[in-house]
Amino acid sequence: MSRLTTEPLWRMVALARPRGARFALGVLLGALATASGVGLLATAAWLLATAATHPPITALSVAVVATRALGVSRGVTRYLERLVTHDAAFRTLADVRVRVYERLARTEPIRRFRSGDLVSRLVNDTDATQDLLVRGLTPPLVSFLVGAAVVGLSTALLVPGGLLLATGLLLAGLAVPLVAAALGKGPGARQAAARGELSSSLVDTLYGAPDLVAYGAMDQAVRRVKRADGELTRIARRDAALLGFGAGASALVAGLTVWATLLLGVAAVEDGTLGPIPMAVLVLTALAAFEVVAPLPAVAARLGSVRASGARLFDVLDTESAIGGTDSAEILPEGDLALKVRDLRMRYGTDEPWALDGIDLDLEPGRRIAVLGPSGAGKSTLASVLLRFRDPDGGTVELGGTAITAYPADEIRRAISGVPQDPHVFASTLRENLRLARPGCTDEELWSVLERVRLAEDVRAMPSGLDTEVGSHGTRLSGGMRHRLALARALLSAPRILVLDEPTTHLDPETRDVVLADLLDAARGCATLLITHDLTGLSEMDRIYVIVAGRVVQQGSHAELLGTEGWYRRAHGLASR
Ligand SMILES: Nc1ncnc2c1ncn2[C@@H]1O[C@H](COP(=O)(O)OP(=O)(O)OP(=O)(O)O)[C@@H](O)[C@H]1O
C-alpha cells in the first residue's frame with residue numbers, strides 16, 4: 001500500500017467518497033456564502049464612499065439592491081451549506097458506524113480492545129470523522145476558492161495591494177495553520193489514546209468496584225482514573241493554548257495586512273494611481289478576506305488528534321475477520337438438520353498449539369449430546385466454530401450435509417443458537433430482552449417460553465411483570481434467572497440446534513442441578529449440545545464426548561463410559577477396576 005492509502009487522514013476523507021456529490025455541493029454553497037460576505041463588505045465600502053460624494057440617489061440604487069441581495073444570500077447560502085455538509089457528514093458517520101459494528105460482529109468478540117477503550121473508539125474516534133469532514137474538508141477548499149477570487153479583485157484595483165493581500169492570506173491561511181498543526185501533532189496524537197485510557201479505567205473501576213473494595217484496591221484504581229484524567233486535562237489545556245495562538249496570530253497578520261493596505265492605498269491615491277472610492281473598497285475587502293481563512297488555524301491545530309482518532313478507528317476496521325464466506329447468500333434448507341463434525345482442527349495463531357486437534361462428533365435431530373472436558377480442553381473453541389465466530393483450520397463441520405462455511409454467519413446463527421457461559425442481559429425490560437431474539441413476538445408467546453424455562457412464576461410475582469427493568473447486566477435478577485432468561489431468548493429464535501456452553505457455571509451446586517435440569521427439559525425436542533466441565537445432567541445425554549487437549553479421548557453413553565476404564569470413570573471418582 002502506498003503512504004497515501006495508509007494515511008489515516010486520507011483514508012477518513014476517502015470514507016466520504018459515496019457522499020462526494022453532497023460535499024461538492026457543500027463546498028459550492030460555502031464558497032457562495034463566503035463570497036457573499038466579502039462582496040457585501042466591498043459593496044458597502046463602495047456605497048459609503050460614493051455616498052460621501054453626494055451623488056444623485058439613482059447612482060446608488062444598484063449598490064443598495066446588491067447590498068440587500070448579498071446580505072440575504074450570505075445567510076441563506078450559509079444555512080444551506082451547513083445543512084448539506086452536516087447531512088453528508090452524518091450520513092458518512094452512519095456508514096462508518098455500521099462498518100465498525102459489522103466488523104465487530106464478524107470478528108470473534110474483539111479481545112484485543114478493553115471495553116471502555118472500544119466504546120471510546122466507537123464514539124469519539126468515529127465522531128472525529130465527522131469533525132474532519134465538516135471542519136477540515138470544506139473550509140480549506142472554500143478559503144482557497146474565495147481567497148483566490150479576492151486576491152484577483154484586489155490586484156485588479158491595485159497590483160501591490162493584491163500582492164500584499166496574497167502574502168497576508170498565505171501567512172494567516174497557510175503558515176499559521178502549518179505551525180499550529182506542527183505544534184498540535186504531539187499532544188493531538190496522545191489525546192485519543194488518553195481519552196481511551198480514561199474511558200477504560202473508568203469502566204474497569206465502576207464494574208470492578210465490589211472486588212476493588214473487597215481487596216482494598218479502590219484507592220489505587222481511583223488514582224489511575226485521576227492520572228488518566230490529569231493527562232487528558234493537560235492535553236486539553238495545550239489544545240486551548242494552541243487555538244488561542246492560532247486565532248491571535250491570524251488576527252495579528254490580518255491587522256498588519258489591513259494597515260499596510262491602507263498605507264499603500266493612501267499612497268496610491270496621493271499618486272493618482274487609485275481613486276478614493278476604489279481605495280475604500282480595497283481596504284475593506286482586505287479586512288473581509290481574512291474572515292475567509294479565520295477557521296483554518298483551529299482546523300490545523302486539531303489535525304493531530306483527528307489523525308490519531310483515525311488511526312484508532314482503522315485499527316478496528318482493519319481487524320481481520322475470523323471467518324470467510326461473509327458475502328455468501330446461501331440459505332439453509334428448512335426442517336431438521338444433522339450436524340456432522342469431522343477431523344476438526346483449529347488454532348488461534350500459526351505459532352499457537354492446536355485448540356482443536358481432530359474432533360469428530362455427530363448430532364442428529366432431536367438428540368442430546370454433551371462435550372465434557374477439563375478447563376482449556378477446547379470446549380468453548382468448539383462452540384465458537386459451530387456458531388461461526390471462527391472458521392476451522394482443517395476438517396469439516398457440516399449442517400444438513402453442507403459445510404457451514406458455505407453459509408453466511410447470520411444464517412448459521414438462525415439455525416444454531418447458543419446460551420453462553422455468561423449471557424449478556426441488557427439494561428432494559430424483560431420483554432425487550434426477550435424480543436431481541438424475535439422482535440414481532442406476542443406476549444402470549446413470551447409467557448409460553450417463560451413457562452418452558454420455569455421463569456413465568458417469578459415474572460408474574462414481579463409488580464411490573466414483563467415490563468420489569470432488569471438493571472445493568474441484569475443485576476436485579478439472580479444468576480439462575482439470568483440463565484433461564486438467556487435460554488428463553490435462545491428458544492424464541494426457534495433454533496434447530498441449541499448449544500449450551502457451561503450454562504450453569506457460575507451457580508452454586510444445588511441451583512446448578514435444578515437450573516440445568518430445567519434448561520434441558522425446556523430444550524426437549526431440539527437437538528442440544530451441552531458443553532460442560534462438571535458431571536451434572538450427563539445421564540440425560542444420548543452421547544457424551546470427552547475432550548482433552550483438543551482431542552476426543554472417550555465417547556459413549558453415561559452407562560457405557562462408567563463401565564469403561566478412562567477419564568470419565570476417574571472423573572466420577574471411581575477407581576480402576
Ligand atoms: N482467544 C484466544 N486466543 C488464544 N488462545 C485461546 C483463545 N481462546 C482460547 N484459547 C486457548 O485455546 C485452548 C482451548 O480453550 P477453550 O476456551 O476452548 O477451552 P475450554 O475447554 O472451553 O476451557 P474452559 O472450560 O476453561 O472455558 C486453551 O489452551 C486456551 O488457552
# chains A, B, ... in the order shown; residues from 1 in each chain; ligands from 1
call {"tool": "select_by_dssp", "arguments": {"residues": "stretch 229-367 of chain A", "states": "helix (DSSP H, G or I)", "output": "number ranges by chain"}}
result
A: 229-271, 276-293, 296-317
call {"tool": "write_last_selection", "arguments": {"atoms": "C-alpha atoms", "output": "PDB file, in the first residue's frame"}}
result
ATOM      1  CA  ASP A 229      -8.000  12.484  33.719  1.00  0.00           C
ATOM      2  CA  GLY A 230      -4.970  14.678  34.541  1.00  0.00           C
ATOM      3  CA  GLU A 231      -3.245  13.691  31.286  1.00  0.00           C
ATOM      4  CA  LEU A 232      -6.380  14.478  29.291  1.00  0.00           C
ATOM      5  CA  THR A 233      -6.773  17.848  31.062  1.00  0.00           C
ATOM      6  CA  ARG A 234      -3.128  18.755  30.293  1.00  0.00           C
ATOM      7  CA  ILE A 235      -3.673  17.918  26.635  1.00  0.00           C
ATOM      8  CA  ALA A 236      -6.940  19.908  26.559  1.00  0.00           C
ATOM      9  CA  ARG A 237      -5.114  22.914  28.076  1.00  0.00           C
ATOM     10  CA  ARG A 238      -2.411  22.733  25.414  1.00  0.00           C
ATOM     11  CA  ASP A 239      -5.110  22.393  22.815  1.00  0.00           C
ATOM     12  CA  ALA A 240      -6.812  25.561  24.082  1.00  0.00           C
ATOM     13  CA  ALA A 241      -3.469  27.437  24.187  1.00  0.00           C
ATOM     14  CA  LEU A 242      -2.812  26.349  20.632  1.00  0.00           C
ATOM     15  CA  LEU A 243      -6.240  27.509  19.481  1.00  0.00           C
ATOM     16  CA  GLY A 244      -5.547  30.851  21.166  1.00  0.00           C
ATOM     17  CA  PHE A 245      -2.173  31.090  19.429  1.00  0.00           C
ATOM     18  CA  GLY A 246      -3.774  30.318  16.040  1.00  0.00           C
ATOM     19  CA  ALA A 247      -6.558  32.877  16.452  1.00  0.00           C
ATOM     20  CA  GLY A 248      -4.140  35.516  17.835  1.00  0.00           C
ATOM     21  CA  ALA A 249      -1.510  35.035  15.124  1.00  0.00           C
ATOM     22  CA  SER A 250      -4.183  35.145  12.427  1.00  0.00           C
ATOM     23  CA  ALA A 251      -5.685  38.352  13.846  1.00  0.00           C
ATOM     24  CA  LEU A 252      -2.201  39.929  14.048  1.00  0.00           C
ATOM     25  CA  VAL A 253      -1.437  39.097  10.401  1.00  0.00           C
ATOM     26  CA  ALA A 254      -4.889  40.360   9.368  1.00  0.00           C
ATOM     27  CA  GLY A 255      -4.442  43.647  11.278  1.00  0.00           C
ATOM     28  CA  LEU A 256      -0.960  44.256   9.883  1.00  0.00           C
ATOM     29  CA  THR A 257      -2.072  43.474   6.337  1.00  0.00           C
ATOM     30  CA  VAL A 258      -5.085  45.789   6.543  1.00  0.00           C
ATOM     31  CA  TRP A 259      -2.897  48.600   7.936  1.00  0.00           C
ATOM     32  CA  ALA A 260      -0.286  48.067   5.226  1.00  0.00           C
ATOM     33  CA  THR A 261      -3.039  48.016   2.570  1.00  0.00           C
ATOM     34  CA  LEU A 262      -4.394  51.268   3.958  1.00  0.00           C
ATOM     35  CA  LEU A 263      -0.953  52.875   3.773  1.00  0.00           C
ATOM     36  CA  LEU A 264      -0.425  51.548   0.233  1.00  0.00           C
ATOM     37  CA  GLY A 265      -3.895  52.788  -0.760  1.00  0.00           C
ATOM     38  CA  VAL A 266      -3.326  56.273   0.660  1.00  0.00           C
ATOM     39  CA  ALA A 267      -0.006  56.495  -1.208  1.00  0.00           C
ATOM     40  CA  ALA A 268      -1.708  55.334  -4.422  1.00  0.00           C
ATOM     41  CA  VAL A 269      -4.478  57.928  -4.009  1.00  0.00           C
ATOM     42  CA  GLU A 270      -1.841  60.620  -3.486  1.00  0.00           C
ATOM     43  CA  ASP A 271      -0.024  59.374  -6.611  1.00  0.00           C
ATOM     44  CA  PRO A 276     -10.502  57.309  -3.216  1.00  0.00           C
ATOM     45  CA  ILE A 277     -13.575  55.132  -3.690  1.00  0.00           C
ATOM     46  CA  PRO A 278     -11.674  52.063  -5.006  1.00  0.00           C
ATOM     47  CA  MET A 279      -9.231  52.666  -2.140  1.00  0.00           C
ATOM     48  CA  ALA A 280     -12.058  52.228   0.403  1.00  0.00           C
ATOM     49  CA  VAL A 281     -13.159  49.078  -1.440  1.00  0.00           C
ATOM     50  CA  LEU A 282      -9.573  47.724  -1.447  1.00  0.00           C
ATOM     51  CA  VAL A 283      -9.079  48.207   2.306  1.00  0.00           C
ATOM     52  CA  LEU A 284     -12.453  46.840   3.417  1.00  0.00           C
ATOM     53  CA  THR A 285     -12.130  43.880   1.000  1.00  0.00           C
ATOM     54  CA  ALA A 286      -8.777  43.054   2.592  1.00  0.00           C
ATOM     55  CA  LEU A 287     -10.445  43.136   6.018  1.00  0.00           C
ATOM     56  CA  ALA A 288     -13.231  40.828   4.824  1.00  0.00           C
ATOM     57  CA  ALA A 289     -10.773  38.479   3.106  1.00  0.00           C
ATOM     58  CA  PHE A 290      -9.282  37.391   6.420  1.00  0.00           C
ATOM     59  CA  GLU A 291     -12.653  36.059   7.548  1.00  0.00           C
ATOM     60  CA  VAL A 292     -12.159  33.509   4.770  1.00  0.00           C
ATOM     61  CA  VAL A 293      -9.067  31.986   6.360  1.00  0.00           C
ATOM     62  CA  LEU A 296      -8.041  27.359   9.282  1.00  0.00           C
ATOM     63  CA  PRO A 297      -5.589  27.575  12.254  1.00  0.00           C
ATOM     64  CA  ALA A 298      -8.134  25.892  14.561  1.00  0.00           C
ATOM     65  CA  VAL A 299      -8.703  23.157  11.971  1.00  0.00           C
ATOM     66  CA  ALA A 300      -4.963  22.594  11.629  1.00  0.00           C
ATOM     67  CA  ALA A 301      -4.384  22.513  15.393  1.00  0.00           C
ATOM     68  CA  ARG A 302      -6.895  19.657  15.684  1.00  0.00           C
ATOM     69  CA  LEU A 303      -5.467  17.617  12.785  1.00  0.00           C
ATOM     70  CA  GLY A 304      -3.057  15.711  15.072  1.00  0.00           C
ATOM     71  CA  SER A 305      -5.828  14.439  17.307  1.00  0.00           C
ATOM     72  CA  VAL A 306      -8.174  13.744  14.371  1.00  0.00           C
ATOM     73  CA  ARG A 307      -5.380  11.756  12.712  1.00  0.00           C
ATOM     74  CA  ALA A 308      -4.781   9.719  15.889  1.00  0.00           C
ATOM     75  CA  SER A 309      -8.523   9.055  16.149  1.00  0.00           C
ATOM     76  CA  GLY A 310      -8.496   7.930  12.512  1.00  0.00           C
ATOM     77  CA  ALA A 311      -5.627   5.515  13.220  1.00  0.00           C
ATOM     78  CA  ARG A 312      -7.567   4.027  16.160  1.00  0.00           C
ATOM     79  CA  LEU A 313     -10.703   3.742  14.039  1.00  0.00           C
ATOM     80  CA  PHE A 314      -8.873   1.907  11.239  1.00  0.00           C
ATOM     81  CA  ASP A 315      -7.279  -0.313  13.853  1.00  0.00           C
ATOM     82  CA  VAL A 316     -10.789  -1.671  14.451  1.00  0.00           C
ATOM     83  CA  LEU A 317     -11.861  -1.593  10.784  1.00  0.00           C
TER      84      LEU A 317
END
call {"tool": "select_by_dssp", "arguments": {"residues": "stretch 260-369 of chain A", "states": "strand (DSSP E)", "output": "list in words"}}
result
Leu339, Lys340, Val341, Arg342, Asp343, Leu344, Arg345, Met346, Leu356, Asp357, Gly358, Ile359, Asp360, Leu361, Asp362, Leu363, Arg368 and Ile369 of chain A
call {"tool": "write_last_selection", "arguments": {"atoms": "C-alpha atoms", "output": "PDB file, in the first residue's frame"}}
result
ATOM      1  CA  LEU A 339     -24.608 -31.747  12.492  1.00  0.00           C
ATOM      2  CA  LYS A 340     -21.523 -33.698  11.424  1.00  0.00           C
ATOM      3  CA  VAL A 341     -18.025 -32.707  12.567  1.00  0.00           C
ATOM      4  CA  ARG A 342     -15.049 -34.484  11.017  1.00  0.00           C
ATOM      5  CA  ASP A 343     -11.355 -34.134  11.883  1.00  0.00           C
ATOM      6  CA  LEU A 344     -11.961 -30.543  13.044  1.00  0.00           C
ATOM      7  CA  ARG A 345      -8.769 -28.587  13.719  1.00  0.00           C
ATOM      8  CA  MET A 346      -8.474 -25.003  14.908  1.00  0.00           C
ATOM      9  CA  LEU A 356      -8.999 -28.448  18.492  1.00  0.00           C
ATOM     10  CA  ASP A 357      -6.886 -31.271  17.156  1.00  0.00           C
ATOM     11  CA  GLY A 358      -9.038 -33.580  15.023  1.00  0.00           C
ATOM     12  CA  ILE A 359     -12.522 -33.641  16.593  1.00  0.00           C
ATOM     13  CA  ASP A 360     -15.217 -35.991  15.228  1.00  0.00           C
ATOM     14  CA  LEU A 361     -18.784 -35.769  16.511  1.00  0.00           C
ATOM     15  CA  ASP A 362     -22.376 -36.184  15.345  1.00  0.00           C
ATOM     16  CA  LEU A 363     -25.604 -34.608  16.483  1.00  0.00           C
ATOM     17  CA  ARG A 368     -28.806 -34.557  23.003  1.00  0.00           C
ATOM     18  CA  ILE A 369     -25.060 -34.826  23.295  1.00  0.00           C
TER      19      ILE A 369
END
call {"tool": "residues_around", "arguments": {"residues": "A:Gly26", "least_positions_apart": "4", "cutoff": "12 Å", "atoms": "only C-alpha atoms", "output": "number ranges by chain"}}
result
A: 19-22, 30-33, 77-89, 133-135, 137-139, 141-142
call {"tool": "write_last_selection", "arguments": {"atoms": "C-alpha atoms", "output": "PDB file, in the first residue's frame"}}
result
ATOM      1  CA  ARG A  19     -21.292  11.237  -0.498  1.00  0.00           C
ATOM      2  CA  GLY A  20     -18.873  13.130  -2.768  1.00  0.00           C
ATOM      3  CA  ALA A  21     -21.609  14.979  -4.693  1.00  0.00           C
ATOM      4  CA  ARG A  22     -23.168  16.347  -1.483  1.00  0.00           C
ATOM      5  CA  GLY A  30     -19.810  27.577   1.301  1.00  0.00           C
ATOM      6  CA  ALA A  31     -17.918  29.469  -1.392  1.00  0.00           C
ATOM      7  CA  LEU A  32     -21.102  31.395  -2.307  1.00  0.00           C
ATOM      8  CA  ALA A  33     -21.741  32.257   1.355  1.00  0.00           C
ATOM      9  CA  THR A  77     -26.301  30.037   1.380  1.00  0.00           C
ATOM     10  CA  ARG A  78     -24.536  29.674   4.759  1.00  0.00           C
ATOM     11  CA  TYR A  79     -27.618  27.935   6.143  1.00  0.00           C
ATOM     12  CA  LEU A  80     -27.841  25.635   3.107  1.00  0.00           C
ATOM     13  CA  GLU A  81     -24.096  24.931   3.259  1.00  0.00           C
ATOM     14  CA  ARG A  82     -24.374  23.864   6.926  1.00  0.00           C
ATOM     15  CA  LEU A  83     -27.409  21.746   6.107  1.00  0.00           C
ATOM     16  CA  VAL A  84     -25.784  19.993   3.142  1.00  0.00           C
ATOM     17  CA  THR A  85     -22.332  19.379   4.688  1.00  0.00           C
ATOM     18  CA  HIS A  86     -23.733  18.222   8.047  1.00  0.00           C
ATOM     19  CA  ASP A  87     -26.212  15.977   6.282  1.00  0.00           C
ATOM     20  CA  ALA A  88     -23.409  14.463   4.168  1.00  0.00           C
ATOM     21  CA  ALA A  89     -21.143  14.128   7.228  1.00  0.00           C
ATOM     22  CA  LEU A 133     -15.328  16.273   7.034  1.00  0.00           C
ATOM     23  CA  VAL A 134     -17.245  19.304   8.331  1.00  0.00           C
ATOM     24  CA  ARG A 135     -14.346  21.447   9.571  1.00  0.00           C
ATOM     25  CA  LEU A 137     -12.536  19.497   4.290  1.00  0.00           C
ATOM     26  CA  THR A 138     -14.957  22.254   3.302  1.00  0.00           C
ATOM     27  CA  PRO A 139     -13.304  25.350   4.898  1.00  0.00           C
ATOM     28  CA  LEU A 141     -11.396  24.385  -0.160  1.00  0.00           C
ATOM     29  CA  VAL A 142     -13.728  27.371   0.306  1.00  0.00           C
TER      30      VAL A 142
END
call {"tool": "residues_near_ligand", "arguments": {"ligand": "ligand 1", "cutoff": "7 Å", "atoms": "only C-alpha atoms and all ligand atoms", "output": "VMD selection string"}}
result
chain A and resid 111 348 355 373 to 382 533
call {"tool": "residues_around", "arguments": {"residues": "A:Ser417", "least_positions_apart": "5", "cutoff": "6 Å", "atoms": "only C-alpha atoms", "output": "count of residues only"}}
result
3
call {"tool": "atom_distance", "arguments": {"atom1": "atom CA of A:Arg367", "atom2": "atom CA of A:Gly418"}}
result
16.1 Å
call {"tool": "residues_around", "arguments": {"residues": "A:Arg454", "least_positions_apart": "5", "cutoff": "12 Å", "atoms": "only C-alpha atoms", "output": "mmCIF file with N, CA and C atoms, in the first residue's frame"}}
result
data_model
loop_
_atom_site.group_PDB
_atom_site.id
_atom_site.type_symbol
_atom_site.label_atom_id
_atom_site.label_comp_id
_atom_site.auth_asym_id
_atom_site.auth_seq_id
_atom_site.Cartn_x
_atom_site.Cartn_y
_atom_site.Cartn_z
ATOM 1 N N TRP A 447 -44.930 -15.442 27.360
ATOM 2 C CA TRP A 447 -45.307 -16.192 28.563
ATOM 3 C C TRP A 447 -45.105 -17.680 28.348
ATOM 4 N N SER A 448 -45.410 -18.147 27.153
ATOM 5 C CA SER A 448 -45.272 -19.583 26.884
ATOM 6 C C SER A 448 -43.807 -20.017 27.011
ATOM 7 N N VAL A 449 -42.892 -19.203 26.477
ATOM 8 C CA VAL A 449 -41.480 -19.590 26.571
ATOM 9 C C VAL A 449 -40.985 -19.436 28.017
ATOM 10 N N VAL A 459 -41.712 -14.127 37.182
ATOM 11 C CA VAL A 459 -42.034 -12.873 36.477
ATOM 12 C C VAL A 459 -43.424 -12.387 36.879
ATOM 13 N N ARG A 460 -44.361 -13.324 37.054
ATOM 14 C CA ARG A 460 -45.712 -12.929 37.493
ATOM 15 C C ARG A 460 -45.673 -12.270 38.867
ATOM 16 N N GLY A 480 -29.456 -17.739 38.391
ATOM 17 C CA GLY A 480 -30.293 -18.764 37.758
ATOM 18 C C GLY A 480 -31.310 -18.130 36.825
ATOM 19 N N MET A 481 -31.905 -17.002 37.267
ATOM 20 C CA MET A 481 -32.911 -16.325 36.432
ATOM 21 C C MET A 481 -32.281 -15.806 35.145
ATOM 22 N N ARG A 482 -31.045 -15.297 35.261
ATOM 23 C CA ARG A 482 -30.364 -14.777 34.057
ATOM 24 C C ARG A 482 -30.166 -15.895 33.036
ATOM 25 N N HIS A 483 -29.780 -17.094 33.523
ATOM 26 C CA HIS A 483 -29.576 -18.209 32.592
ATOM 27 C C HIS A 483 -30.891 -18.673 31.987
ATOM 28 N N ARG A 484 -31.951 -18.670 32.809
ATOM 29 C CA ARG A 484 -33.260 -19.072 32.280
ATOM 30 C C ARG A 484 -33.717 -18.063 31.220
ATOM 31 N N LEU A 485 -33.473 -16.782 31.510
ATOM 32 C CA LEU A 485 -33.846 -15.723 30.561
ATOM 33 C C LEU A 485 -33.066 -15.907 29.251
ATOM 34 N N LEU A 487 -31.855 -18.655 28.061
ATOM 35 C CA LEU A 487 -32.360 -19.817 27.327
ATOM 36 C C LEU A 487 -33.690 -19.469 26.665
ATOM 37 N N ALA A 488 -34.539 -18.728 27.392
ATOM 38 C CA ALA A 488 -35.829 -18.335 26.813
ATOM 39 C C ALA A 488 -35.588 -17.553 25.530
ATOM 40 N N VAL A 514 -30.764 -27.871 39.544
ATOM 41 C CA VAL A 514 -32.161 -27.569 39.223
ATOM 42 C C VAL A 514 -32.236 -26.807 37.899
ATOM 43 N N VAL A 515 -31.383 -25.761 37.761
ATOM 44 C CA VAL A 515 -31.440 -24.935 36.543
ATOM 45 C C VAL A 515 -31.105 -25.787 35.321
ATOM 46 N N LEU A 516 -30.057 -26.606 35.423
ATOM 47 C CA LEU A 516 -29.666 -27.414 34.260
ATOM 48 C C LEU A 516 -30.783 -28.384 33.875
ATOM 49 N N ALA A 517 -31.388 -29.021 34.901
ATOM 50 C CA ALA A 517 -32.477 -29.962 34.598
ATOM 51 C C ALA A 517 -33.597 -29.212 33.881
ATOM 52 N N ASP A 518 -33.920 -28.006 34.363
ATOM 53 C CA ASP A 518 -34.990 -27.220 33.719
ATOM 54 C C ASP A 518 -34.609 -26.808 32.304
ATOM 55 N N LEU A 519 -33.354 -26.400 32.121
ATOM 56 C CA LEU A 519 -32.909 -25.967 30.782
ATOM 57 C C LEU A 519 -33.019 -27.128 29.804
ATOM 58 N N LEU A 520 -32.548 -28.312 30.246
ATOM 59 C CA LEU A 520 -32.584 -29.467 29.338
ATOM 60 C C LEU A 520 -34.026 -29.856 29.046
ATOM 61 N N ASP A 521 -34.867 -29.745 30.070
ATOM 62 C CA ASP A 521 -36.270 -30.071 29.893
ATOM 63 C C ASP A 521 -36.916 -29.115 28.889
ATOM 64 N N ALA A 522 -36.614 -27.816 29.065
ATOM 65 C CA ALA A 522 -37.195 -26.801 28.184
ATOM 66 C C ALA A 522 -36.731 -26.997 26.746
ATOM 67 N N ALA A 523 -35.506 -27.500 26.590
ATOM 68 C CA ALA A 523 -34.946 -27.651 25.237
ATOM 69 C C ALA A 523 -35.334 -28.996 24.611
#
